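Shown next: upload-v7.csv, given as CSV, N, CA and C atoms.
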```
chain,number,residue,atom,x,y,z
A,70,MET,N,5.3,-8.6,-13.3
A,70,MET,CA,4.7,-8.0,-12.2
A,70,MET,C,3.5,-7.2,-12.6
A,71,ALA,N,3.6,-6.5,-13.7
A,71,ALA,CA,2.5,-5.7,-14.2
A,71,ALA,C,1.3,-6.6,-14.6
A,72,ALA,N,1.5,-7.7,-15.1
A,72,ALA,CA,0.5,-8.6,-15.5
A,72,ALA,C,-0.3,-9.1,-14.2
A,73,SER,N,0.5,-9.4,-13.2
A,73,SER,CA,-0.2,-9.9,-12.0
A,73,SER,C,-1.0,-8.8,-11.3
A,74,ARG,N,-0.5,-7.6,-11.4
A,74,ARG,CA,-1.2,-6.4,-10.8
A,74,ARG,C,-2.5,-6.2,-11.6
A,75,ARG,N,-2.4,-6.3,-12.9
A,75,ARG,CA,-3.5,-6.1,-13.8
A,75,ARG,C,-4.6,-7.2,-13.5
A,76,ARG,N,-4.1,-8.4,-13.3
A,76,ARG,CA,-5.0,-9.5,-13.0
A,76,ARG,C,-5.7,-9.3,-11.7
A,77,ARG,N,-5.0,-8.8,-10.7
A,77,ARG,CA,-5.6,-8.5,-9.4
A,77,ARG,C,-6.7,-7.5,-9.5
A,78,PHE,N,-6.5,-6.4,-10.3
A,78,PHE,CA,-7.5,-5.4,-10.5
A,78,PHE,C,-8.7,-6.0,-11.3
A,79,VAL,N,-8.5,-6.8,-12.2
A,79,VAL,CA,-9.6,-7.4,-13.0
A,79,VAL,C,-10.4,-8.3,-12.0
A,80,VAL,N,-9.7,-9.1,-11.2
A,80,VAL,CA,-10.4,-10.0,-10.3
A,80,VAL,C,-11.2,-9.1,-9.3
A,81,THR,N,-10.5,-8.0,-8.8
A,81,THR,CA,-11.2,-7.1,-7.9
A,81,THR,C,-12.4,-6.5,-8.5
A,82,ALA,N,-12.3,-6.0,-9.7
A,82,ALA,CA,-13.4,-5.4,-10.4
A,82,ALA,C,-14.6,-6.4,-10.6
A,83,ALA,N,-14.2,-7.7,-10.9
A,83,ALA,CA,-15.3,-8.7,-11.0
A,83,ALA,C,-16.0,-8.9,-9.7
A,84,ALA,N,-15.2,-9.0,-8.6
A,84,ALA,CA,-15.8,-9.2,-7.3
A,84,ALA,C,-16.7,-8.0,-6.9
A,85,VAL,N,-16.2,-6.8,-7.2
A,85,VAL,CA,-17.1,-5.7,-6.9
A,85,VAL,C,-18.3,-5.7,-7.7
A,86,ALA,N,-18.2,-6.1,-9.0
A,86,ALA,CA,-19.4,-6.1,-9.8
A,86,ALA,C,-20.4,-7.1,-9.3
A,87,ALA,N,-19.9,-8.3,-8.8
A,87,ALA,CA,-20.8,-9.3,-8.3
A,87,ALA,C,-21.5,-8.8,-7.0
A,88,ILE,N,-20.7,-8.1,-6.1
A,88,ILE,CA,-21.2,-7.6,-4.9
A,88,ILE,C,-22.2,-6.5,-5.3
A,89,GLY,N,-21.8,-5.7,-6.2
A,89,GLY,CA,-22.7,-4.6,-6.6
A,89,GLY,C,-24.0,-5.0,-7.2
A,90,LEU,N,-24.0,-6.1,-7.9
A,90,LEU,CA,-25.3,-6.6,-8.4
A,90,LEU,C,-26.1,-7.2,-7.3
A,91,THR,N,-25.5,-7.8,-6.3
A,91,THR,CA,-26.3,-8.3,-5.2
A,91,THR,C,-26.8,-7.1,-4.4
A,92,THR,N,-26.0,-6.1,-4.2
A,92,THR,CA,-26.4,-4.9,-3.5
A,92,THR,C,-27.5,-4.1,-4.1
A,93,ALA,N,-27.5,-4.2,-5.5
A,93,ALA,CA,-28.6,-3.5,-6.2
A,93,ALA,C,-30.0,-3.8,-5.8
A,94,VAL,N,-30.1,-5.0,-5.3
A,94,VAL,CA,-31.5,-5.5,-4.9
A,94,VAL,C,-31.9,-4.7,-3.7
A,95,THR,N,-31.0,-4.3,-2.8
A,95,THR,CA,-31.4,-3.6,-1.6
A,95,THR,C,-31.1,-2.1,-1.6
A,96,THR,N,-30.1,-1.7,-2.4
A,96,THR,CA,-29.7,-0.3,-2.3
A,96,THR,C,-30.0,0.6,-3.5
A,97,GLY,N,-30.3,0.0,-4.6
A,97,GLY,CA,-30.6,0.7,-5.8
A,97,GLY,C,-29.4,0.8,-6.7
A,98,CYS,N,-29.7,1.3,-7.9
A,98,CYS,CA,-28.7,1.4,-9.0
A,98,CYS,C,-27.7,2.4,-8.8
A,99,ASP,N,-28.0,3.6,-8.1
A,99,ASP,CA,-27.1,4.6,-8.0
A,99,ASP,C,-25.8,4.2,-7.2
A,100,ALA,N,-26.0,3.5,-6.1
A,100,ALA,CA,-24.9,3.0,-5.3
A,100,ALA,C,-24.0,2.0,-6.1
A,101,VAL,N,-24.7,1.2,-6.9
A,101,VAL,CA,-23.9,0.2,-7.7
A,101,VAL,C,-23.1,1.0,-8.8
A,102,ASP,N,-23.8,1.9,-9.4
A,102,ASP,CA,-23.1,2.7,-10.4
A,102,ASP,C,-21.9,3.4,-9.9
A,103,LYS,N,-22.0,4.0,-8.7
A,103,LYS,CA,-20.9,4.7,-8.1
A,103,LYS,C,-19.8,3.7,-7.7
A,104,ALA,N,-20.1,2.6,-7.2
A,104,ALA,CA,-19.1,1.6,-6.9
A,104,ALA,C,-18.3,1.1,-8.1
A,105,LEU,N,-19.1,0.9,-9.2
A,105,LEU,CA,-18.4,0.4,-10.4
A,105,LEU,C,-17.6,1.5,-11.0
A,106,ASP,N,-18.1,2.8,-11.0
A,106,ASP,CA,-17.3,3.9,-11.5
A,106,ASP,C,-16.0,4.0,-10.7
A,107,CYS,N,-16.0,3.8,-9.4
A,107,CYS,CA,-14.9,3.9,-8.6
A,107,CYS,C,-13.9,2.8,-8.9
A,108,VAL,N,-14.4,1.6,-9.1
A,108,VAL,CA,-13.5,0.4,-9.4
A,108,VAL,C,-12.9,0.6,-10.8
A,109,GLN,N,-13.7,1.0,-11.8
A,109,GLN,CA,-13.2,1.2,-13.1
A,109,GLN,C,-12.2,2.3,-13.2
A,110,THR,N,-12.4,3.4,-12.5
A,110,THR,CA,-11.4,4.5,-12.5
A,110,THR,C,-10.2,4.0,-11.7
A,111,ALA,N,-10.3,3.3,-10.6
A,111,ALA,CA,-9.2,2.8,-9.9
A,111,ALA,C,-8.3,1.9,-10.8
A,112,ASP,N,-9.0,1.1,-11.6
A,112,ASP,CA,-8.3,0.2,-12.6
A,112,ASP,C,-7.6,1.0,-13.6
A,113,ALA,N,-8.2,2.1,-14.1
A,113,ALA,CA,-7.5,3.0,-15.0
A,113,ALA,C,-6.3,3.6,-14.4
A,114,ILE,N,-6.4,4.0,-13.1
A,114,ILE,CA,-5.3,4.5,-12.4
A,114,ILE,C,-4.2,3.5,-12.3
A,115,ALA,N,-4.5,2.2,-12.0
A,115,ALA,CA,-3.5,1.2,-11.9
A,115,ALA,C,-2.8,1.1,-13.2
A,116,ASP,N,-3.5,1.2,-14.3
A,116,ASP,CA,-2.8,1.1,-15.6
A,116,ASP,C,-1.8,2.3,-15.8
A,117,SER,N,-2.3,3.5,-15.3
A,117,SER,CA,-1.4,4.7,-15.4
A,117,SER,C,-0.2,4.6,-14.5
A,118,VAL,N,-0.4,3.9,-13.3
A,118,VAL,CA,0.7,3.7,-12.4
A,118,VAL,C,1.7,2.8,-13.0
A,119,THR,N,1.2,1.8,-13.7
A,119,THR,CA,2.2,0.8,-14.4
A,119,THR,C,2.9,1.6,-15.5
A,120,SER,N,2.2,2.5,-16.2
A,120,SER,CA,2.9,3.3,-17.2
A,120,SER,C,3.9,4.2,-16.6
A,121,LEU,N,3.6,4.8,-15.4
A,121,LEU,CA,4.5,5.6,-14.7
A,121,LEU,C,5.8,4.9,-14.3
A,122,GLN,N,5.6,3.7,-13.8
A,122,GLN,CA,6.8,2.9,-13.4
A,122,GLN,C,7.6,2.6,-14.6
A,123,GLN,N,7.0,2.3,-15.8
A,123,GLN,CA,7.8,2.0,-17.0
A,123,GLN,C,8.4,3.3,-17.5
A,124,ALA,N,7.7,4.4,-17.4
A,124,ALA,CA,8.3,5.7,-17.8
A,124,ALA,C,9.5,6.1,-17.0
A,125,VAL,N,9.5,5.8,-15.7
A,125,VAL,CA,10.6,6.1,-14.8
A,125,VAL,C,11.8,5.2,-15.2
A,126,GLU,N,11.5,3.9,-15.5
A,126,GLU,CA,12.6,3.0,-15.9
A,126,GLU,C,13.2,3.5,-17.2
A,127,ASN,N,12.4,4.1,-18.1
A,127,ASN,CA,12.9,4.5,-19.4
A,127,ASN,C,13.1,6.0,-19.6
A,128,ALA,N,13.3,6.7,-18.4
A,128,ALA,CA,13.3,8.1,-18.4
A,128,ALA,C,14.4,8.7,-19.4
A,129,SER,N,15.5,7.9,-19.5
A,129,SER,CA,16.6,8.4,-20.3
A,129,SER,C,16.2,8.4,-21.8
A,130,ASN,N,15.2,7.5,-22.2
A,130,ASN,CA,14.8,7.5,-23.6
A,130,ASN,C,13.8,8.6,-23.9
A,131,ASP,N,12.8,8.8,-23.0
A,131,ASP,CA,11.7,9.8,-23.2
A,131,ASP,C,11.2,10.3,-21.9
A,132,PRO,N,11.8,11.4,-21.4
A,132,PRO,CA,11.4,11.9,-20.1
A,132,PRO,C,10.0,12.5,-20.1
A,133,THR,N,9.4,12.7,-21.2
A,133,THR,CA,8.0,13.3,-21.2
A,133,THR,C,7.0,12.2,-20.8
A,134,GLN,N,7.3,10.9,-20.9
A,134,GLN,CA,6.4,9.9,-20.5
A,134,GLN,C,6.0,9.9,-19.1
A,135,ILE,N,6.9,10.4,-18.2
A,135,ILE,CA,6.6,10.5,-16.8
A,135,ILE,C,5.5,11.5,-16.6
A,136,ASP,N,5.7,12.7,-17.2
A,136,ASP,CA,4.6,13.7,-17.0
A,136,ASP,C,3.3,13.3,-17.6
A,137,GLU,N,3.3,12.6,-18.7
A,137,GLU,CA,2.1,12.1,-19.3
A,137,GLU,C,1.4,11.1,-18.4
A,138,SER,N,2.1,10.2,-17.8
A,138,SER,CA,1.6,9.3,-16.8
A,138,SER,C,1.0,10.0,-15.6
A,139,LEU,N,1.7,10.9,-15.1
A,139,LEU,CA,1.2,11.7,-13.9
A,139,LEU,C,-0.1,12.4,-14.3
A,140,ALA,N,-0.1,13.0,-15.5
A,140,ALA,CA,-1.3,13.7,-15.9
A,140,ALA,C,-2.5,12.8,-16.1
A,141,SER,N,-2.3,11.6,-16.5
A,141,SER,CA,-3.3,10.6,-16.7
A,141,SER,C,-3.9,10.2,-15.3
A,142,ILE,N,-3.0,10.0,-14.3
A,142,ILE,CA,-3.4,9.7,-13.0
A,142,ILE,C,-4.3,10.9,-12.4
A,143,ASP,N,-3.8,12.1,-12.6
A,143,ASP,CA,-4.6,13.3,-12.1
A,143,ASP,C,-6.0,13.3,-12.7
A,144,LYS,N,-6.1,13.0,-14.0
A,144,LYS,CA,-7.4,13.1,-14.7
A,144,LYS,C,-8.3,12.0,-14.1
A,145,ASP,N,-7.8,10.8,-13.9
A,145,ASP,CA,-8.6,9.8,-13.3
A,145,ASP,C,-9.0,10.1,-11.9
A,146,LEU,N,-8.1,10.7,-11.1
A,146,LEU,CA,-8.5,11.1,-9.8
A,146,LEU,C,-9.6,12.1,-9.8
A,147,ASP,N,-9.6,13.1,-10.7
A,147,ASP,CA,-10.7,14.0,-10.8
A,147,ASP,C,-12.0,13.3,-11.1
A,148,LYS,N,-12.0,12.3,-11.9
A,148,LYS,CA,-13.2,11.5,-12.2
A,148,LYS,C,-13.8,10.9,-10.9
A,149,ILE,N,-12.9,10.3,-10.1
A,149,ILE,CA,-13.4,9.7,-8.9
A,149,ILE,C,-13.9,10.7,-7.9
A,150,GLY,N,-13.1,11.8,-7.8
A,150,GLY,CA,-13.5,12.8,-6.8
A,150,GLY,C,-14.8,13.5,-7.2
A,151,ASP,N,-15.1,13.6,-8.4
A,151,ASP,CA,-16.4,14.2,-8.9
A,151,ASP,C,-17.6,13.2,-8.7
A,152,LYS,N,-17.3,12.0,-8.5
A,152,LYS,CA,-18.4,11.0,-8.5
A,152,LYS,C,-18.7,10.4,-7.1
A,153,THR,N,-18.0,10.8,-6.1
A,153,THR,CA,-18.3,10.2,-4.8
A,153,THR,C,-18.3,11.2,-3.7
A,154,ASP,N,-19.1,10.8,-2.7
A,154,ASP,CA,-19.1,11.6,-1.5
A,154,ASP,C,-18.6,10.8,-0.3
A,155,ASN,N,-18.0,9.6,-0.6
A,155,ASN,CA,-17.5,8.7,0.4
A,155,ASN,C,-16.2,9.3,1.0
A,156,THR,N,-16.1,9.4,2.3
A,156,THR,CA,-15.0,10.0,2.9
A,156,THR,C,-13.7,9.2,2.7
A,157,ASP,N,-13.8,7.9,2.8
A,157,ASP,CA,-12.6,7.0,2.6
A,157,ASP,C,-12.1,7.1,1.2
A,158,VAL,N,-13.0,7.1,0.2
A,158,VAL,CA,-12.5,7.3,-1.2
A,158,VAL,C,-11.9,8.6,-1.4
A,159,ASN,N,-12.5,9.7,-0.9
A,159,ASN,CA,-11.9,11.0,-1.0
A,159,ASN,C,-10.5,11.1,-0.4
A,160,LYS,N,-10.4,10.5,0.8
A,160,LYS,CA,-9.1,10.5,1.5
A,160,LYS,C,-8.0,9.7,0.7
A,161,ALA,N,-8.4,8.6,0.1
A,161,ALA,CA,-7.5,7.8,-0.7
A,161,ALA,C,-7.1,8.6,-2.0
A,162,VAL,N,-8.1,9.3,-2.6
A,162,VAL,CA,-7.8,10.1,-3.7
A,162,VAL,C,-6.8,11.2,-3.4
A,163,GLU,N,-7.1,11.8,-2.2
A,163,GLU,CA,-6.2,12.9,-1.8
A,163,GLU,C,-4.8,12.4,-1.5
A,164,ASN,N,-4.6,11.2,-0.9
A,164,ASN,CA,-3.3,10.6,-0.7
A,164,ASN,C,-2.6,10.3,-2.0
A,165,LEU,N,-3.3,9.8,-3.0
A,165,LEU,CA,-2.7,9.5,-4.2
A,165,LEU,C,-2.3,10.8,-5.0
A,166,GLY,N,-3.1,11.8,-4.9
A,166,GLY,CA,-2.8,13.1,-5.5
A,166,GLY,C,-1.5,13.7,-4.8
A,167,ASP,N,-1.4,13.5,-3.5
A,167,ASP,CA,-0.2,14.0,-2.8
A,167,ASP,C,1.0,13.2,-3.3
A,168,ALA,N,0.9,11.9,-3.5
A,168,ALA,CA,2.0,11.1,-3.9
A,168,ALA,C,2.4,11.5,-5.3
A,169,VAL,N,1.5,11.8,-6.2
A,169,VAL,CA,1.8,12.3,-7.6
A,169,VAL,C,2.5,13.6,-7.5
A,170,ASP,N,2.0,14.5,-6.7
A,170,ASP,CA,2.7,15.8,-6.5
A,170,ASP,C,4.1,15.7,-6.0
A,171,ASN,N,4.3,14.7,-5.1
A,171,ASN,CA,5.7,14.5,-4.6
A,171,ASN,C,6.6,14.0,-5.8
A,172,VAL,N,6.1,13.2,-6.6
A,172,VAL,CA,6.9,12.7,-7.8
A,172,VAL,C,7.2,13.9,-8.7
A,173,ARG,N,6.2,14.7,-8.9
A,173,ARG,CA,6.5,15.9,-9.8
A,173,ARG,C,7.6,16.8,-9.1
A,174,THR,N,7.5,17.0,-7.8
A,174,THR,CA,8.4,17.9,-7.1
A,174,THR,C,9.8,17.3,-7.3
A,175,ALA,N,9.9,15.9,-7.1
A,175,ALA,CA,11.2,15.3,-7.2
A,175,ALA,C,11.8,15.5,-8.6
A,176,ILE,N,11.0,15.4,-9.6
A,176,ILE,CA,11.4,15.6,-11.0
A,176,ILE,C,11.9,17.1,-11.2
A,177,ARG,N,11.1,18.0,-10.7
A,177,ARG,CA,11.5,19.4,-10.8
A,177,ARG,C,12.8,19.7,-10.1
A,178,ASN,N,13.1,18.9,-9.0
A,178,ASN,CA,14.3,19.1,-8.3
A,178,ASN,C,15.5,18.3,-8.9
A,179,GLY,N,15.3,17.7,-10.1
A,179,GLY,CA,16.4,17.1,-10.8
A,179,GLY,C,16.5,15.6,-10.7
A,180,ASP,N,15.5,15.0,-10.0
A,180,ASP,CA,15.5,13.5,-9.9
A,180,ASP,C,14.9,12.9,-11.1
A,181,ASN,N,15.8,12.3,-11.9
A,181,ASN,CA,15.3,11.7,-13.2
A,181,ASN,C,14.6,10.3,-13.0
A,182,THR,N,14.9,9.7,-11.9
A,182,THR,CA,14.3,8.4,-11.5
A,182,THR,C,13.7,8.5,-10.1
A,183,PRO,N,12.6,9.2,-10.0
A,183,PRO,CA,12.0,9.4,-8.6
A,183,PRO,C,11.4,8.1,-8.1
A,184,ASP,N,11.3,8.0,-6.8
A,184,ASP,CA,10.7,6.8,-6.2
A,184,ASP,C,9.2,6.9,-6.4
A,185,VAL,N,8.6,6.0,-7.1
A,185,VAL,CA,7.2,6.0,-7.4
A,185,VAL,C,6.4,5.0,-6.5
A,186,SER,N,7.1,4.4,-5.5
A,186,SER,CA,6.4,3.4,-4.7
A,186,SER,C,5.3,4.0,-3.8
A,187,PRO,N,5.4,5.3,-3.4
A,187,PRO,CA,4.3,5.9,-2.7
A,187,PRO,C,3.1,6.0,-3.6
A,188,VAL,N,3.3,6.3,-4.9
A,188,VAL,CA,2.2,6.3,-5.8
A,188,VAL,C,1.5,4.9,-6.0
A,189,THR,N,2.4,3.9,-6.1
A,189,THR,CA,1.9,2.6,-6.2
A,189,THR,C,1.1,2.2,-5.0
A,190,ASP,N,1.6,2.5,-3.8
A,190,ASP,CA,1.0,2.2,-2.5
A,190,ASP,C,-0.4,2.9,-2.4
A,191,ALA,N,-0.4,4.2,-2.8
A,191,ALA,CA,-1.6,4.9,-2.7
A,191,ALA,C,-2.7,4.4,-3.7
A,192,ALA,N,-2.3,4.0,-4.9
A,192,ALA,CA,-3.2,3.5,-5.8
A,192,ALA,C,-3.8,2.1,-5.3
A,193,GLY,N,-3.0,1.3,-4.7
A,193,GLY,CA,-3.5,0.1,-4.1
A,193,GLY,C,-4.5,0.4,-3.0
A,194,GLU,N,-4.2,1.4,-2.2
A,194,GLU,CA,-5.2,1.8,-1.1
A,194,GLU,C,-6.5,2.3,-1.7
A,195,LEU,N,-6.4,3.0,-2.8
A,195,LEU,CA,-7.6,3.5,-3.5
A,195,LEU,C,-8.4,2.3,-4.0
A,196,THR,N,-7.8,1.3,-4.6
A,196,THR,CA,-8.5,0.2,-5.0
A,196,THR,C,-9.2,-0.6,-3.9
A,197,LYS,N,-8.4,-0.7,-2.8
A,197,LYS,CA,-9.0,-1.4,-1.6
A,197,LYS,C,-10.2,-0.6,-1.1
A,198,VAL,N,-10.2,0.7,-1.0
A,198,VAL,CA,-11.3,1.5,-0.6
A,198,VAL,C,-12.5,1.3,-1.5
A,199,CYS,N,-12.2,1.3,-2.8
A,199,CYS,CA,-13.3,1.2,-3.8
A,199,CYS,C,-14.0,-0.1,-3.7
A,200,THR,N,-13.3,-1.1,-3.2
A,200,THR,CA,-13.9,-2.5,-3.2
A,200,THR,C,-14.4,-2.9,-1.8
A,201,SER,N,-14.3,-2.0,-0.9
A,201,SER,CA,-14.8,-2.3,0.5
A,201,SER,C,-16.2,-1.8,0.7
```
Would it be possible to restate this file's structure as C-alpha cells?
Amino acid sequence: MAASRRRRFVVTAAAVAAIGLTTAVTTGCDAVDKALDCVQTADAIADSVTSLQQAVENASNDPTQIDESLASIDKDLDKIGDKTDNTDVNKAVENLGDAVDNVRTAIRNGDNTPDVSPVTDAAGELTKVCTS
C-alpha cells in the first residue's frame, strides 16, 4: 500500500510539474515555484504519514517513532504555510495540523495505537489541493 501511495504522489508531482511548466508561459515563475513547493512538501508529508502508520504498527518496539513522525509532519506543514497565501492550501494545512494534534492527544491519553486515518485523509486532501 505504501508503494502505491508513493507512486500516486510521484505521478501527481509529475502532472503538477507539467501543468506548472505550461502555466509558466502565462503566469510567471513565482506561481510555478509555489505550486512545485506545495507538491514537494505534500510528497514529503506523504512519506511522513507512511512513517507514522508504520510507527503506530510498531509502537511496542519503539514508541518514540510516532512522535518523530508527527514532528516531521509539523515541520513540513510549517514549510507549506510559510510559502503560500492560497486559502484552500492553508485550510488543508490547518486540517492536517488538527489531525496530527488529535493523534498526539490520543497518545497522551494512553492510546498506544491511535487511529491515524484522519491524518492520512487530511494529507490526501492537501495533495489534492496542491495539485488543483
A straight line from atom CA of Pro187 of chain A to atom CA of Asn127 of chain A spans 18.8 Å
In file coordinates, which residues lie within 5 Å of (-12.3, -1.2, -6.8) using only N, CA and C atoms, given as number ranges by chain? A: 107-108, 196, 199-200
Residue neighbourhood segment 146-162 of chain A, 12 Å, only C-alpha atoms, exclusion window fewer than 2 positions, as a ChimeraX atom specification: /A:99-115,117,139-144,164-169,188,190-201
In Å, with one decimal, what is the gap from atom N of Ala128 of chain A to atom N of Thr182 of chain A? 7.3 Å
Name the residues in contact with Gln123 of chain A at a cut-off of 12 Å, using only C-alpha atoms, excluding same-chain residues fewer than 2 positions from it; report them as an NGL selection string. :A and (70-71 or 116-121 or 125-132 or 134-135 or 137-138 or 182-183 or 185)
Point-to-point distance in Å for atom C of Asp136 of chain A and atom N of Arg177 of chain A: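 Separating atom N of Arg177 of chain A from atom C of Asp136 of chain A is a distance of 11.4 Å.
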Completion step: segment 118-127 of chain A with all heavy atoms as a PDB file, in the coordinates of the input:
```
ATOM      1  N   VAL A 118      -0.400   3.900 -13.300  1.00  0.00           N
ATOM      2  CA  VAL A 118       0.700   3.700 -12.400  1.00  0.00           C
ATOM      3  C   VAL A 118       1.700   2.800 -13.000  1.00  0.00           C
ATOM      4  O   VAL A 118       2.946   3.020 -12.925  1.00  0.00           O
ATOM      5  CB  VAL A 118       0.229   3.225 -11.008  1.00  0.00           C
ATOM      6  CG1 VAL A 118       1.399   2.768 -10.146  1.00  0.00           C
ATOM      7  CG2 VAL A 118      -0.568   4.311 -10.287  1.00  0.00           C
ATOM      8  N   THR A 119       1.200   1.800 -13.700  1.00  0.00           N
ATOM      9  CA  THR A 119       2.200   0.800 -14.400  1.00  0.00           C
ATOM     10  C   THR A 119       2.900   1.600 -15.500  1.00  0.00           C
ATOM     11  O   THR A 119       4.129   1.442 -15.611  1.00  0.00           O
ATOM     12  CB  THR A 119       1.368  -0.328 -14.998  1.00  0.00           C
ATOM     13  OG1 THR A 119       0.717  -1.040 -13.938  1.00  0.00           O
ATOM     14  CG2 THR A 119       2.275  -1.266 -15.766  1.00  0.00           C
ATOM     15  N   SER A 120       2.200   2.500 -16.200  1.00  0.00           N
ATOM     16  CA  SER A 120       2.900   3.300 -17.200  1.00  0.00           C
ATOM     17  C   SER A 120       3.900   4.200 -16.600  1.00  0.00           C
ATOM     18  O   SER A 120       4.970   4.439 -17.143  1.00  0.00           O
ATOM     19  CB  SER A 120       1.832   4.119 -17.974  1.00  0.00           C
ATOM     20  OG  SER A 120       0.967   3.287 -18.690  1.00  0.00           O
ATOM     21  N   LEU A 121       3.600   4.800 -15.400  1.00  0.00           N
ATOM     22  CA  LEU A 121       4.500   5.600 -14.700  1.00  0.00           C
ATOM     23  C   LEU A 121       5.800   4.900 -14.300  1.00  0.00           C
ATOM     24  O   LEU A 121       6.876   5.374 -14.519  1.00  0.00           O
ATOM     25  CB  LEU A 121       3.835   6.225 -13.455  1.00  0.00           C
ATOM     26  CG  LEU A 121       4.725   7.062 -12.531  1.00  0.00           C
ATOM     27  CD1 LEU A 121       5.273   8.282 -13.264  1.00  0.00           C
ATOM     28  CD2 LEU A 121       3.952   7.461 -11.286  1.00  0.00           C
ATOM     29  N   GLN A 122       5.600   3.700 -13.800  1.00  0.00           N
ATOM     30  CA  GLN A 122       6.800   2.900 -13.400  1.00  0.00           C
ATOM     31  C   GLN A 122       7.600   2.600 -14.600  1.00  0.00           C
ATOM     32  O   GLN A 122       8.865   2.703 -14.572  1.00  0.00           O
ATOM     33  CB  GLN A 122       6.311   1.529 -12.812  1.00  0.00           C
ATOM     34  CG  GLN A 122       5.673   1.686 -11.453  1.00  0.00           C
ATOM     35  CD  GLN A 122       4.984   0.422 -10.981  1.00  0.00           C
ATOM     36  OE1 GLN A 122       4.401  -0.318 -11.755  1.00  0.00           O
ATOM     37  NE2 GLN A 122       5.040   0.185  -9.676  1.00  0.00           N
ATOM     38  N   GLN A 123       7.000   2.300 -15.800  1.00  0.00           N
ATOM     39  CA  GLN A 123       7.800   2.000 -17.000  1.00  0.00           C
ATOM     40  C   GLN A 123       8.400   3.300 -17.500  1.00  0.00           C
ATOM     41  O   GLN A 123       9.584   3.279 -17.963  1.00  0.00           O
ATOM     42  CB  GLN A 123       6.866   1.439 -18.064  1.00  0.00           C
ATOM     43  CG  GLN A 123       6.395   0.041 -17.738  1.00  0.00           C
ATOM     44  CD  GLN A 123       5.303  -0.452 -18.664  1.00  0.00           C
ATOM     45  OE1 GLN A 123       4.706   0.308 -19.422  1.00  0.00           O
ATOM     46  NE2 GLN A 123       5.015  -1.743 -18.589  1.00  0.00           N
ATOM     47  N   ALA A 124       7.700   4.400 -17.400  1.00  0.00           N
ATOM     48  CA  ALA A 124       8.300   5.700 -17.800  1.00  0.00           C
ATOM     49  C   ALA A 124       9.500   6.100 -17.000  1.00  0.00           C
ATOM     50  O   ALA A 124      10.522   6.580 -17.526  1.00  0.00           O
ATOM     51  CB  ALA A 124       7.248   6.809 -17.703  1.00  0.00           C
ATOM     52  N   VAL A 125       9.500   5.800 -15.700  1.00  0.00           N
ATOM     53  CA  VAL A 125      10.600   6.100 -14.800  1.00  0.00           C
ATOM     54  C   VAL A 125      11.800   5.200 -15.200  1.00  0.00           C
ATOM     55  O   VAL A 125      12.957   5.674 -15.301  1.00  0.00           O
ATOM     56  CB  VAL A 125      10.267   5.946 -13.333  1.00  0.00           C
ATOM     57  CG1 VAL A 125      11.514   5.952 -12.461  1.00  0.00           C
ATOM     58  CG2 VAL A 125       9.310   7.047 -12.903  1.00  0.00           C
ATOM     59  N   GLU A 126      11.500   3.900 -15.500  1.00  0.00           N
ATOM     60  CA  GLU A 126      12.600   3.000 -15.900  1.00  0.00           C
ATOM     61  C   GLU A 126      13.200   3.500 -17.200  1.00  0.00           C
ATOM     62  O   GLU A 126      14.384   3.238 -17.479  1.00  0.00           O
ATOM     63  CB  GLU A 126      12.030   1.611 -16.043  1.00  0.00           C
ATOM     64  CG  GLU A 126      11.687   0.973 -14.713  1.00  0.00           C
ATOM     65  CD  GLU A 126      10.949  -0.354 -14.863  1.00  0.00           C
ATOM     66  OE1 GLU A 126      10.885  -0.894 -15.983  1.00  0.00           O
ATOM     67  OE2 GLU A 126      10.423  -0.840 -13.847  1.00  0.00           O
ATOM     68  N   ASN A 127      12.400   4.100 -18.100  1.00  0.00           N
ATOM     69  CA  ASN A 127      12.900   4.500 -19.400  1.00  0.00           C
ATOM     70  C   ASN A 127      13.100   6.000 -19.600  1.00  0.00           C
ATOM     71  O   ASN A 127      13.067   6.517 -20.665  1.00  0.00           O
ATOM     72  CB  ASN A 127      11.861   4.022 -20.509  1.00  0.00           C
ATOM     73  CG  ASN A 127      11.692   2.524 -20.539  1.00  0.00           C
ATOM     74  OD1 ASN A 127      12.647   1.780 -20.388  1.00  0.00           O
ATOM     75  ND2 ASN A 127      10.461   2.070 -20.712  1.00  0.00           N
TER      76      ASN A 127
END
```
